[in-house]
>>> print(open('start-v3.txt').read())   # compact mmCIF, C-alpha atoms and all ligand atoms
# COMPACT_ATOMS: atom_id res chain seq x y z
CA MET A 18 0.00 0.00 0.00
CA LYS A 19 1.27 3.50 -0.83
CA ASP A 20 2.10 5.88 1.97
CA PHE A 21 -0.27 8.84 1.94
CA THR A 22 1.28 10.49 4.98
CA VAL A 23 4.62 11.72 3.69
CA ASP A 24 4.65 13.41 0.28
CA TYR A 25 1.97 14.68 -2.05
CA PHE A 26 1.39 12.89 -5.36
CA THR A 27 -1.46 12.97 -7.86
CA MET A 28 -3.62 9.91 -7.28
CA THR A 29 -4.76 7.30 -9.82
CA GLU A 30 -8.13 5.55 -9.40
CA GLN A 31 -6.35 2.62 -7.69
CA ASP A 32 -4.55 5.00 -5.31
CA ALA A 33 -7.88 6.62 -4.46
CA ILE A 34 -9.31 3.22 -3.46
CA GLU A 35 -6.30 2.60 -1.22
CA TYR A 36 -6.63 6.09 0.19
CA ALA A 37 -10.33 5.50 0.98
CA LYS A 38 -9.37 2.28 2.79
CA SER A 39 -6.65 4.07 4.73
CA ILE A 40 -9.02 6.67 6.17
CA LYS A 41 -11.41 3.95 7.34
CA LEU A 42 -14.68 5.52 6.24
CA PHE A 43 -15.92 2.20 4.87
CA PRO A 44 -16.30 -1.09 6.77
CA GLU A 45 -13.48 -3.71 6.50
CA GLU A 46 -15.44 -5.98 4.14
CA ALA A 47 -16.27 -3.15 1.67
CA ALA A 48 -15.90 -3.93 -2.05
CA LEU A 49 -14.58 -0.65 -3.34
CA THR A 50 -14.48 0.55 -6.94
CA CYS A 51 -13.46 3.95 -8.21
CA ASN A 52 -14.11 6.20 -11.20
CA GLU A 53 -12.47 9.55 -11.85
CA ILE A 54 -15.51 11.66 -12.80
CA GLY A 55 -14.15 15.22 -12.75
CA ASP A 56 -15.20 17.30 -15.73
CA GLY A 57 -14.26 20.71 -14.35
CA ASN A 58 -11.28 22.76 -15.42
CA LEU A 59 -9.07 22.27 -12.39
CA ASN A 60 -9.27 19.14 -10.23
CA TYR A 61 -9.55 15.35 -10.05
CA VAL A 62 -12.78 13.95 -8.62
CA PHE A 63 -12.81 10.30 -7.56
CA LYS A 64 -16.09 8.58 -6.85
CA ILE A 65 -15.57 5.60 -4.55
CA VAL A 66 -18.41 3.09 -4.32
CA ASP A 67 -18.78 0.23 -1.87
CA GLY A 68 -20.73 -2.30 -3.94
CA LYS A 69 -21.45 -4.44 -0.87
CA ASN A 70 -23.09 -1.83 1.31
CA ASN A 71 -24.30 0.55 -1.35
CA GLN A 72 -22.38 3.51 0.05
CA SER A 73 -20.26 6.06 -1.78
CA ILE A 74 -18.07 9.08 -1.19
CA ILE A 75 -16.20 11.65 -3.25
CA ILE A 76 -12.49 12.39 -2.96
CA LYS A 77 -11.55 15.65 -4.62
CA GLN A 78 -7.84 16.19 -5.19
CA ALA A 79 -6.16 19.39 -6.30
CA GLY A 80 -3.29 18.93 -8.74
CA PRO A 81 -0.36 21.33 -9.11
CA VAL A 82 -1.64 22.59 -12.49
CA ALA A 83 -5.13 23.08 -13.90
CA ARG A 84 -6.64 20.24 -15.93
CA ILE A 85 -7.72 22.66 -18.64
CA SER A 86 -4.13 23.80 -19.30
CA ASP A 87 -0.65 23.40 -17.79
CA GLU A 88 -0.29 27.16 -18.18
CA PHE A 89 -2.20 27.59 -14.91
CA LYS A 90 0.10 26.61 -12.05
CA LEU A 91 -1.99 26.56 -8.91
CA SER A 92 -1.22 26.04 -5.29
CA PRO A 93 -2.99 22.90 -4.04
CA ASP A 94 -3.78 25.03 -0.95
CA ARG A 95 -7.05 25.73 -2.77
CA ASN A 96 -8.26 22.48 -1.26
CA ARG A 97 -7.82 23.87 2.25
CA ILE A 98 -9.78 26.94 1.24
CA GLU A 99 -12.52 24.75 -0.20
CA TYR A 100 -12.69 22.62 2.94
CA GLU A 101 -12.75 25.57 5.32
CA ILE A 102 -15.37 27.50 3.41
CA LEU A 103 -17.59 24.42 3.06
CA GLU A 104 -17.50 24.06 6.84
CA LEU A 105 -18.40 27.71 7.27
CA GLN A 106 -21.13 27.68 4.62
CA HIS A 107 -22.59 24.59 6.24
CA LYS A 108 -23.14 26.69 9.38
CA LEU A 109 -24.38 29.77 7.53
CA ALA A 110 -26.61 28.02 4.99
CA PRO A 111 -27.36 24.55 6.36
CA GLY A 112 -28.47 22.02 3.74
CA PHE A 113 -27.07 23.95 0.78
CA VAL A 114 -23.53 22.49 0.65
CA PRO A 115 -22.20 18.93 0.76
CA LYS A 116 -21.04 17.48 4.06
CA VAL A 117 -17.24 17.25 4.23
CA TYR A 118 -15.64 14.42 6.22
CA LYS A 119 -11.96 15.16 5.96
CA TYR A 120 -9.31 17.48 4.61
CA ASP A 121 -5.84 16.12 4.03
CA PRO A 122 -3.13 18.79 3.75
CA ILE A 123 -0.53 16.28 2.51
CA MET A 124 -2.52 14.71 -0.31
CA ASN A 125 -4.36 18.03 -0.86
CA CYS A 126 -7.72 16.38 -1.01
CA THR A 127 -11.10 16.62 0.64
CA VAL A 128 -13.49 13.76 1.27
CA MET A 129 -17.16 14.62 1.02
CA ASP A 130 -20.70 13.40 0.42
CA ASP A 131 -21.40 11.80 -2.93
CA LEU A 132 -24.29 13.75 -4.43
CA SER A 133 -25.01 11.30 -7.25
CA ASP A 134 -28.75 11.47 -6.54
CA HIS A 135 -28.41 15.09 -7.71
CA GLU A 136 -27.36 16.27 -11.16
CA ILE A 137 -24.99 19.05 -12.18
CA MET A 138 -27.36 21.94 -12.86
CA ARG A 139 -25.80 22.87 -16.22
CA THR A 140 -26.26 19.29 -17.44
CA ALA A 141 -29.87 19.27 -16.25
CA LEU A 142 -30.60 22.65 -17.87
CA LEU A 143 -29.10 21.36 -21.13
CA LYS A 144 -31.82 18.69 -20.98
CA HIS A 145 -34.26 21.57 -20.41
CA LYS A 146 -35.30 20.40 -16.98
CA LYS A 147 -37.04 22.82 -14.62
CA PHE A 148 -36.37 23.36 -10.92
CA PRO A 149 -39.10 25.54 -9.44
CA LEU A 150 -37.48 25.69 -5.98
CA PHE A 151 -34.08 26.82 -7.24
CA ALA A 152 -34.67 30.59 -6.93
CA ASP A 153 -35.84 30.20 -3.36
CA HIS A 154 -32.90 27.95 -2.45
CA ILE A 155 -30.14 29.95 -4.11
CA SER A 156 -31.43 33.31 -2.81
CA THR A 157 -31.28 31.96 0.75
CA PHE A 158 -27.78 30.62 0.13
CA LEU A 159 -26.67 33.97 -1.31
CA VAL A 160 -28.09 36.13 1.47
CA ASN A 161 -26.76 33.86 4.21
CA THR A 162 -23.27 33.45 2.83
CA LEU A 163 -22.85 37.04 1.61
CA LEU A 164 -24.55 39.27 4.17
CA LEU A 165 -23.63 37.11 7.16
CA THR A 166 -19.92 37.24 6.33
CA SER A 167 -19.85 41.02 5.82
CA ASP A 168 -18.93 43.86 8.18
CA VAL A 169 -22.65 44.54 8.53
CA VAL A 170 -22.96 41.43 10.69
CA VAL A 171 -19.50 40.12 11.65
CA GLU A 172 -17.40 41.87 14.31
CA HIS A 173 -14.74 43.74 12.32
CA LYS A 174 -11.60 42.13 13.75
CA GLU A 175 -13.14 38.72 13.28
CA LYS A 176 -14.04 39.64 9.70
CA LYS A 177 -10.46 40.76 9.01
CA ALA A 178 -9.24 37.41 10.32
CA LEU A 179 -11.56 35.75 7.79
CA VAL A 180 -10.20 37.95 5.01
CA LYS A 181 -6.73 36.68 5.95
CA GLN A 182 -7.83 33.04 6.23
CA PHE A 183 -9.36 33.13 2.76
CA ILE A 184 -6.69 35.08 0.92
CA ASN A 185 -6.57 33.25 -2.41
CA PRO A 186 -4.11 35.04 -4.73
CA GLU A 187 -3.63 32.40 -7.43
CA LEU A 188 -7.28 31.62 -8.01
CA CYS A 189 -8.12 35.33 -7.88
CA GLU A 190 -5.47 35.91 -10.52
CA ILE A 191 -7.26 33.46 -12.83
CA THR A 192 -10.46 35.49 -12.45
CA GLU A 193 -8.65 38.81 -12.81
CA ASP A 194 -7.15 37.55 -16.09
CA LEU A 195 -9.92 35.43 -17.59
CA VAL A 196 -12.90 37.55 -16.54
CA TYR A 197 -11.66 41.11 -16.17
CA THR A 198 -8.77 41.44 -18.62
CA GLU A 199 -8.48 39.03 -21.54
CA PRO A 200 -12.01 39.38 -22.95
CA PHE A 201 -11.42 43.10 -23.53
CA TYR A 202 -8.57 42.86 -26.05
CA ASP A 203 -7.33 40.49 -28.73
CA CYS A 204 -5.55 38.26 -26.22
CA PRO A 205 -3.92 35.16 -27.78
CA ARG A 206 -5.50 32.99 -25.09
CA ASN A 207 -9.06 33.95 -26.14
CA GLU A 208 -10.99 31.33 -28.08
CA ILE A 209 -13.64 33.06 -30.15
CA PHE A 210 -16.06 31.16 -32.38
CA GLU A 211 -15.03 32.17 -35.91
CA GLY A 212 -18.51 33.50 -36.76
CA SER A 213 -18.47 35.91 -33.80
CA LYS A 214 -14.96 37.37 -34.10
CA GLU A 215 -15.87 40.44 -36.14
CA PHE A 216 -18.78 41.26 -33.84
CA VAL A 217 -16.55 40.96 -30.76
CA LYS A 218 -14.00 43.29 -32.32
CA GLU A 219 -16.56 45.97 -33.24
CA THR A 220 -18.81 45.72 -30.20
CA ILE A 221 -16.43 44.92 -27.38
CA TRP A 222 -12.77 45.67 -28.16
CA ASN A 223 -13.45 48.88 -30.10
CA ASP A 224 -15.74 50.30 -27.43
CA LYS A 225 -13.40 52.45 -25.35
CA LYS A 226 -16.06 53.26 -22.78
CA LEU A 227 -16.74 49.57 -22.16
CA VAL A 228 -13.03 48.78 -21.91
CA LEU A 229 -12.61 51.58 -19.38
CA GLU A 230 -15.52 50.21 -17.31
CA SER A 231 -13.86 46.78 -17.30
CA ALA A 232 -10.76 48.37 -15.74
CA LYS A 233 -12.83 50.05 -13.01
CA LEU A 234 -14.60 46.77 -12.27
CA LYS A 235 -11.33 44.84 -12.15
CA PHE A 236 -10.01 47.16 -9.46
CA GLU A 237 -13.27 46.89 -7.49
CA PHE A 238 -13.00 43.09 -7.66
CA MET A 239 -9.44 43.22 -6.36
CA THR A 240 -10.03 45.75 -3.58
CA ASN A 241 -13.60 45.53 -2.27
CA ALA A 242 -13.37 42.92 0.53
CA GLN A 243 -17.10 43.01 1.20
CA SER A 244 -18.25 39.40 1.62
CA LEU A 245 -16.84 35.89 1.61
CA LEU A 246 -17.65 34.82 -1.94
CA HIS A 247 -17.99 31.40 -3.46
CA GLY A 248 -16.06 32.97 -6.32
CA ASP A 249 -17.16 30.71 -9.20
CA LEU A 250 -20.89 30.26 -8.79
CA HIS A 251 -21.90 29.03 -12.24
CA THR A 252 -24.39 26.22 -12.92
CA GLY A 253 -21.51 23.72 -13.11
CA SER A 254 -20.86 24.49 -9.42
CA ILE A 255 -24.38 23.49 -8.40
CA PHE A 256 -25.77 20.02 -7.82
CA ILE A 257 -29.53 19.94 -8.07
CA LYS A 258 -32.63 17.78 -7.86
CA GLU A 259 -36.28 18.70 -7.61
CA ASP A 260 -36.28 19.46 -3.88
CA SER A 261 -32.60 20.10 -3.16
CA THR A 262 -29.83 22.48 -4.24
CA LYS A 263 -26.20 21.96 -3.19
CA VAL A 264 -23.48 24.46 -3.99
CA ILE A 265 -20.11 22.81 -4.58
CA ASP A 266 -16.56 23.74 -5.66
CA PRO A 267 -15.91 26.93 -3.68
CA GLU A 268 -12.15 26.85 -4.31
CA PHE A 269 -12.19 30.39 -5.77
CA ALA A 270 -13.50 31.70 -2.42
CA PHE A 271 -12.14 35.00 -1.13
CA TYR A 272 -13.42 38.30 0.24
CA GLY A 273 -14.76 40.30 -2.70
CA PRO A 274 -17.81 42.22 -3.93
CA ALA A 275 -21.02 40.37 -2.99
CA GLY A 276 -22.60 40.98 -6.40
CA TYR A 277 -19.98 38.78 -8.05
CA ASP A 278 -21.67 35.54 -6.92
CA ILE A 279 -25.22 36.72 -7.69
CA GLY A 280 -24.20 37.98 -11.14
CA ASN A 281 -22.60 34.65 -11.98
CA VAL A 282 -25.82 32.80 -11.14
CA ILE A 283 -27.83 35.19 -13.33
CA ALA A 284 -25.43 35.00 -16.30
CA ASN A 285 -25.43 31.22 -16.26
CA LEU A 286 -29.24 31.15 -16.25
CA ILE A 287 -29.03 33.42 -19.30
CA PHE A 288 -26.73 30.89 -21.02
CA ALA A 289 -29.40 28.25 -20.35
CA TYR A 290 -31.98 30.65 -21.81
CA ALA A 291 -29.91 31.17 -24.96
CA ASN A 292 -29.52 27.41 -25.29
CA GLY A 293 -33.27 26.81 -24.91
CA LYS A 294 -34.11 29.58 -27.36
CA PHE A 295 -31.98 28.08 -30.12
CA THR A 296 -32.24 24.35 -29.53
CA ILE A 297 -35.85 23.61 -28.53
CA GLU A 298 -37.75 23.07 -31.75
CA ASP A 299 -41.31 22.76 -30.50
CA GLU A 300 -42.65 26.30 -29.99
CA GLU A 301 -44.88 25.57 -27.01
CA THR A 302 -42.17 23.61 -25.16
CA ARG A 303 -39.67 26.36 -25.95
CA ASP A 304 -41.95 29.17 -24.69
CA GLU A 305 -42.71 27.24 -21.53
CA TYR A 306 -39.02 26.63 -20.82
CA LEU A 307 -37.99 30.21 -21.57
CA ASN A 308 -40.81 31.49 -19.34
CA TYR A 309 -39.56 29.25 -16.56
CA LEU A 310 -36.07 30.74 -16.90
CA VAL A 311 -37.39 34.32 -17.05
CA THR A 312 -39.37 33.70 -13.85
CA THR A 313 -36.36 32.09 -12.19
CA ILE A 314 -34.03 34.99 -13.06
CA LYS A 315 -36.61 37.52 -11.80
CA ASP A 316 -37.20 35.51 -8.64
CA VAL A 317 -33.50 35.11 -7.83
CA ILE A 318 -33.12 38.90 -7.80
CA ASN A 319 -36.42 39.76 -6.11
CA LEU A 320 -36.14 37.05 -3.46
CA PHE A 321 -32.55 38.09 -2.82
CA ILE A 322 -33.76 41.66 -2.21
CA ASP A 323 -36.57 40.57 0.15
CA LYS A 324 -34.44 38.16 2.15
CA PHE A 325 -31.51 40.57 2.29
CA ASN A 326 -33.73 43.33 3.75
CA LYS A 327 -35.15 40.94 6.33
CA ALA A 328 -31.77 39.47 7.31
CA TRP A 329 -30.29 42.97 7.61
CA ASP A 330 -33.09 44.04 9.98
CA GLU A 331 -32.67 40.91 12.08
CA LYS A 332 -28.92 40.37 12.03
CA ALA A 333 -27.01 43.62 11.49
CA THR A 334 -24.68 44.35 14.42
CA GLU A 335 -22.81 47.39 13.04
CA ARG A 336 -24.15 50.63 14.54
CA VAL A 337 -24.22 52.62 11.30
CA ALA A 338 -26.24 49.88 9.60
CA GLY A 339 -29.26 51.39 11.34
CA TYR A 340 -28.80 54.89 9.88
CA GLU A 341 -31.71 55.89 7.68
CA GLY A 342 -30.99 55.18 4.00
CA PHE A 343 -27.84 53.13 4.54
CA LYS A 344 -29.40 49.70 3.93
CA GLY A 345 -30.93 50.92 0.65
CA TYR A 346 -27.64 52.46 -0.45
CA TYR A 347 -25.69 49.27 0.38
CA LEU A 348 -28.20 46.99 -1.37
CA ASP A 349 -28.12 49.22 -4.46
CA THR A 350 -24.34 48.80 -4.66
CA ILE A 351 -24.74 45.02 -4.50
CA LEU A 352 -27.35 45.06 -7.28
CA ARG A 353 -25.15 47.30 -9.40
CA ASP A 354 -22.23 44.88 -8.90
CA THR A 355 -24.57 41.97 -9.68
CA ALA A 356 -25.44 43.49 -13.05
CA ALA A 357 -21.76 44.13 -13.78
CA ALA A 358 -20.72 40.60 -12.81
CA ALA A 359 -23.50 39.10 -14.93
CA GLY A 360 -22.21 41.18 -17.85
CA LEU A 361 -18.61 40.13 -17.33
CA GLU A 362 -19.49 36.44 -17.10
CA LEU A 363 -21.59 36.70 -20.29
CA LEU A 364 -18.71 38.26 -22.17
CA ARG A 365 -15.89 36.11 -20.88
CA ARG A 366 -17.61 32.78 -21.60
CA ILE A 367 -18.15 33.85 -25.22
CA ILE A 368 -14.76 35.50 -25.80
CA GLY A 369 -12.37 33.85 -23.37
CA LEU A 370 -10.76 30.50 -22.88
CA ALA A 371 -13.27 28.85 -20.53
CA LYS A 372 -16.48 28.14 -22.41
CA VAL A 373 -19.93 26.92 -21.37
CA LYS A 374 -21.65 23.94 -22.99
CA ASP A 375 -24.96 25.80 -23.14
CA ILE A 376 -23.45 27.79 -26.00
CA THR A 377 -20.82 25.47 -27.51
CA SER A 378 -23.36 22.66 -27.88
CA ILE A 379 -25.57 24.74 -30.19
CA ALA A 380 -24.85 22.79 -33.37
CA ASP A 381 -26.33 25.12 -35.98
CA ARG A 382 -23.74 27.79 -36.91
CA GLU A 383 -26.18 30.66 -37.44
CA ALA A 384 -28.07 29.81 -34.26
CA ARG A 385 -24.83 29.81 -32.27
CA ILE A 386 -23.84 33.18 -33.71
CA ARG A 387 -27.26 34.59 -32.71
CA ALA A 388 -26.97 33.09 -29.21
CA GLU A 389 -23.48 34.57 -28.80
CA LYS A 390 -24.68 37.97 -30.04
CA ILE A 391 -27.43 38.02 -27.45
CA CYS A 392 -24.94 37.21 -24.69
CA LEU A 393 -22.49 39.84 -25.93
CA ILE A 394 -25.09 42.59 -26.25
CA ALA A 395 -26.69 41.75 -22.90
CA GLY A 396 -23.25 41.51 -21.27
CA LYS A 397 -22.23 44.91 -22.54
CA THR A 398 -25.53 46.48 -21.45
CA PHE A 399 -25.28 44.98 -17.97
CA ILE A 400 -21.86 46.57 -17.56
CA LEU A 401 -22.60 49.98 -19.05
CA ASN A 402 -26.06 50.43 -17.46
CA ARG A 403 -25.28 48.74 -14.16
CA GLU A 404 -26.28 51.74 -12.04
CA ASN A 405 -29.88 51.47 -13.31
CA ILE A 406 -30.42 47.71 -13.06
CA LYS A 407 -32.03 47.07 -9.68
CA THR A 408 -35.01 44.70 -9.95
CA GLY A 409 -35.77 41.32 -11.43
CA ALA A 410 -37.73 43.09 -14.18
CA ASP A 411 -34.71 45.28 -15.02
CA PHE A 412 -32.57 42.17 -15.56
CA ILE A 413 -35.20 40.67 -17.85
CA ASN A 414 -35.47 43.92 -19.84
CA VAL A 415 -31.76 43.72 -20.64
CA ILE A 416 -32.13 40.17 -21.98
CA GLN A 417 -35.22 40.95 -24.02
CA SER A 418 -33.78 44.07 -25.59
CA ALA A 419 -30.58 42.15 -26.40
CA GLU A 420 -32.73 39.60 -28.22
CA LEU A 421 -34.29 42.38 -30.29
CA THR A 422 -31.02 44.17 -30.97
CA SER A 423 -29.30 40.93 -31.98
CA VAL A 424 -31.64 40.65 -34.97
CA LYS A 425 -30.84 44.18 -36.13
CA GLY A 426 -27.14 44.24 -35.12
CA ALA A 427 -25.66 46.06 -32.11
C1 LIG A 501 -8.21 27.87 -15.60
S1 LIG A 501 -9.74 27.71 -14.88
C2 LIG A 501 -10.93 28.34 -15.98
C3 LIG A 501 -12.24 28.57 -15.34
O1 LIG A 501 -12.72 27.37 -14.74
C4 LIG A 501 -13.20 27.66 -13.43
O2 LIG A 501 -14.38 26.97 -13.18
C5 LIG A 501 -13.37 29.15 -13.37
O3 LIG A 501 -14.62 29.55 -13.89
C6 LIG A 501 -12.25 29.60 -14.22
O4 LIG A 501 -12.38 30.90 -14.69
MG MG A 502 -15.10 24.65 -10.33
>>> encode(input="start-v3.txt", output="structure tokens", more="lines below")
Ligand code: SR1
Ligand code: MG
Amino acid sequence: MKDFTVDYFTMTEQDAIEYAKSIKLFPEEAALTCNEIGDGNLNYVFKIVDGKNNQSIIIKQAGPVARISDEFKLSPDRNRIEYEILELQHKLAPGFVPKVYKYDPIMNCTVMDDLSDHEIMRTALLKHKKFPLFADHISTFLVNTLLLTSDVVVEHKEKKALVKQFINPELCEITEDLVYTEPFYDCPRNEIFEGSKEFVKETIWNDKKLVLESAKLKFEFMTNAQSLLHGDLHTGSIFIKEDSTKVIDPEFAFYGPAGYDIGNVIANLIFAYANGKFTIEDEETRDEYLNYLVTTIKDVINLFIDKFNKAWDEKATERVAGYEGFKGYYLDTILRDTAAAAGLELLRRIIGLAKVKDITSIADREARIRAEKICLIAGKTFILNRENIKTGADFINVIQSAELTSVKGA
């Protein structure tokens, strides 16, 4: 048996079985099998099943470089961050994250619940499945993890200790580059669909005002230590089933602007919308699905606002939080940042290196170009008009006018 207690190495499936035996989570007589099931950009995910007792767990191991490309050298310390934030989120938003059993700082892995009875939300949305409880679940998760980690609620020295605990320079650098920098110029690492290149050049790179706004937003992302973020809250970071939502993969966690997480959720629902619009052939089924997504997007924002206001009134500890007008001002800044983050995510997934299947799986060339145009126009509008986008209806207006503009051109 290999020694897992001395030096780090990247595990094979067989190693992962031996590792699972060594931590004694399964009974002696267990018949263990393992599959590496990771399909994300960074890590290895081993699913270990005990065929005898019908039990399973997940071992997630961080490698020294990203799976998507060796160019990204990453400290495996991201696994510690993931473990520690999952523990914290479990307290703040019980039921919305997987249970973690162990973190191993030598093998840089975490052992957690297997959520195989759930499905990755992006995969489910690609099958055009609906989850009517999602908006309620995710808005609770967002309010609890964002407001309850901020200076509004947490004693300020304790909050600064959390900022220190979750300092995450390498993963933040990926976001600073891939989200805030590379999409705004002809960066060699971008991967633009050939039919969209000209439109990107005219509408994004040649728009000096937009490029300037991206610089302002980048500096806000790097300097506004407002809330402990998940940091990569797209639909591939959510496991879902009809009555349950579990947020996974918080390795990009750090203290940043609260709107970043909310905006990522919204943008990824918009990708699902674009996919539905261009891949569902039957008109009635398509309308029904798009209506479901419109309602969900609206509800995420409106429920967030309602729950945020309530949680503020019940949980704020900071004296100035009670000053007249301050709550409204603070919430407005979060909604503004939400719109901006939604815009940035829409742009970077079309222009940059890390794509989303919702768009890349649209087989028809013209349909894909239309879908990308909608995302690009909506993304740009979210960024430029962010100060005026404050309600669920405002978010929907941006999407619907982008659909109209995409037919005429930007
Ligand atoms: C190099 S990592 C590329 C992307 O995958 C992650 O899920 C993040 O979204 C990151 O930007
Ligand atoms: Mg991830």
>>> closest_residue(input="start-v3.txt", among="A:Ile65, A:Leu143, A:Leu229, A:Leu250", to="ligand MG 502 (chain A)", atoms="all atoms listed in the file")
A:Leu250
>>> closest_residue(input="start-v3.txt", among="A:Lys64, A:His247, A:Lys146, A:Lys294", to="ligand LIG 501 (chain A)", atoms="all atoms listed in the file")
A:His247
>>> atom_distance(input="start-v3.txt", atom1="CA of Glu389 (chain A)", atom2="CA of Ala291 (chain A)")
8.2 Å
>>> atom_distance(input="start-v3.txt", atom1="CA of Lys77 (chain A)", atom2="CA of Gly276 (chain A)")
27.7 Å
>>> axis_aligned_box(input="start-v3.txt", around="ligand LIG 501 (chain A)", padding_each_side="3 Å", output="JSON")
{"center_x": -11.4, "center_y": 28.9, "center_z": -14.6, "size_x": 12.4, "size_y": 9.9, "size_z": 8.8}
>>> decode(input="start-v3.txt", residues="region 268-274 of chain A", atoms="all heavy atoms", output="mmCIF file, in the first residue's frame")
data_model
loop_
_atom_site.group_PDB
_atom_site.id
_atom_site.type_symbol
_atom_site.label_atom_id
_atom_site.label_comp_id
_atom_site.auth_asym_id
_atom_site.auth_seq_id
_atom_site.Cartn_x
_atom_site.Cartn_y
_atom_site.Cartn_z
ATOM 1 N N GLU A 268 -13.610 26.657 -4.450
ATOM 2 C CA GLU A 268 -12.155 26.847 -4.311
ATOM 3 C C GLU A 268 -11.687 28.244 -4.716
ATOM 4 O O GLU A 268 -10.555 28.633 -4.423
ATOM 5 C CB GLU A 268 -11.413 25.792 -5.125
ATOM 6 C CG GLU A 268 -11.649 25.920 -6.596
ATOM 7 C CD GLU A 268 -11.532 24.581 -7.302
ATOM 8 O OE1 GLU A 268 -10.637 23.835 -6.957
ATOM 9 O OE2 GLU A 268 -12.352 24.321 -8.205
ATOM 10 N N PHE A 269 -12.555 29.009 -5.408
ATOM 11 C CA PHE A 269 -12.194 30.387 -5.771
ATOM 12 C C PHE A 269 -12.577 31.382 -4.666
ATOM 13 O O PHE A 269 -12.504 32.592 -4.860
ATOM 14 C CB PHE A 269 -12.887 30.799 -7.070
ATOM 15 C CG PHE A 269 -12.225 30.258 -8.315
ATOM 16 C CD1 PHE A 269 -12.397 28.937 -8.699
ATOM 17 C CD2 PHE A 269 -11.424 31.069 -9.104
ATOM 18 C CE1 PHE A 269 -11.786 28.436 -9.850
ATOM 19 C CE2 PHE A 269 -10.811 30.584 -10.251
ATOM 20 C CZ PHE A 269 -10.985 29.263 -10.624
ATOM 21 N N ALA A 270 -13.006 30.839 -3.504
ATOM 22 C CA ALA A 270 -13.502 31.696 -2.422
ATOM 23 C C ALA A 270 -12.478 32.742 -1.991
ATOM 24 O O ALA A 270 -11.282 32.460 -1.894
ATOM 25 C CB ALA A 270 -13.855 30.828 -1.221
ATOM 26 N N PHE A 271 -12.951 33.932 -1.726
ATOM 27 C CA PHE A 271 -12.140 35.000 -1.129
ATOM 28 C C PHE A 271 -13.090 36.134 -0.783
ATOM 29 O O PHE A 271 -14.277 36.084 -1.124
ATOM 30 C CB PHE A 271 -11.043 35.479 -2.107
ATOM 31 C CG PHE A 271 -11.543 36.458 -3.145
ATOM 32 C CD1 PHE A 271 -11.150 37.799 -3.129
ATOM 33 C CD2 PHE A 271 -12.432 36.051 -4.115
ATOM 34 C CE1 PHE A 271 -11.630 38.701 -4.074
ATOM 35 C CE2 PHE A 271 -12.921 36.952 -5.071
ATOM 36 C CZ PHE A 271 -12.513 38.267 -5.042
ATOM 37 N N TYR A 272 -12.576 37.148 -0.079
ATOM 38 C CA TYR A 272 -13.416 38.305 0.236
ATOM 39 C C TYR A 272 -13.442 39.276 -0.943
ATOM 40 O O TYR A 272 -12.422 39.867 -1.277
ATOM 41 C CB TYR A 272 -12.904 38.999 1.504
ATOM 42 C CG TYR A 272 -13.727 38.606 2.725
ATOM 43 C CD1 TYR A 272 -13.392 37.502 3.476
ATOM 44 C CD2 TYR A 272 -14.873 39.326 3.072
ATOM 45 C CE1 TYR A 272 -14.157 37.128 4.572
ATOM 46 C CE2 TYR A 272 -15.652 38.961 4.155
ATOM 47 C CZ TYR A 272 -15.291 37.865 4.898
ATOM 48 O OH TYR A 272 -16.069 37.494 5.966
ATOM 49 N N GLY A 273 -14.617 39.411 -1.545
ATOM 50 C CA GLY A 273 -14.759 40.298 -2.702
ATOM 51 C C GLY A 273 -16.151 40.903 -2.737
ATOM 52 O O GLY A 273 -16.929 40.752 -1.783
ATOM 53 N N PRO A 274 -16.498 41.573 -3.843
ATOM 54 C CA PRO A 274 -17.807 42.219 -3.929
ATOM 55 C C PRO A 274 -18.944 41.197 -4.006
ATOM 56 O O PRO A 274 -18.936 40.316 -4.866
ATOM 57 C CB PRO A 274 -17.725 43.036 -5.226
ATOM 58 C CG PRO A 274 -16.484 42.619 -5.911
ATOM 59 C CD PRO A 274 -15.636 41.801 -5.003
#
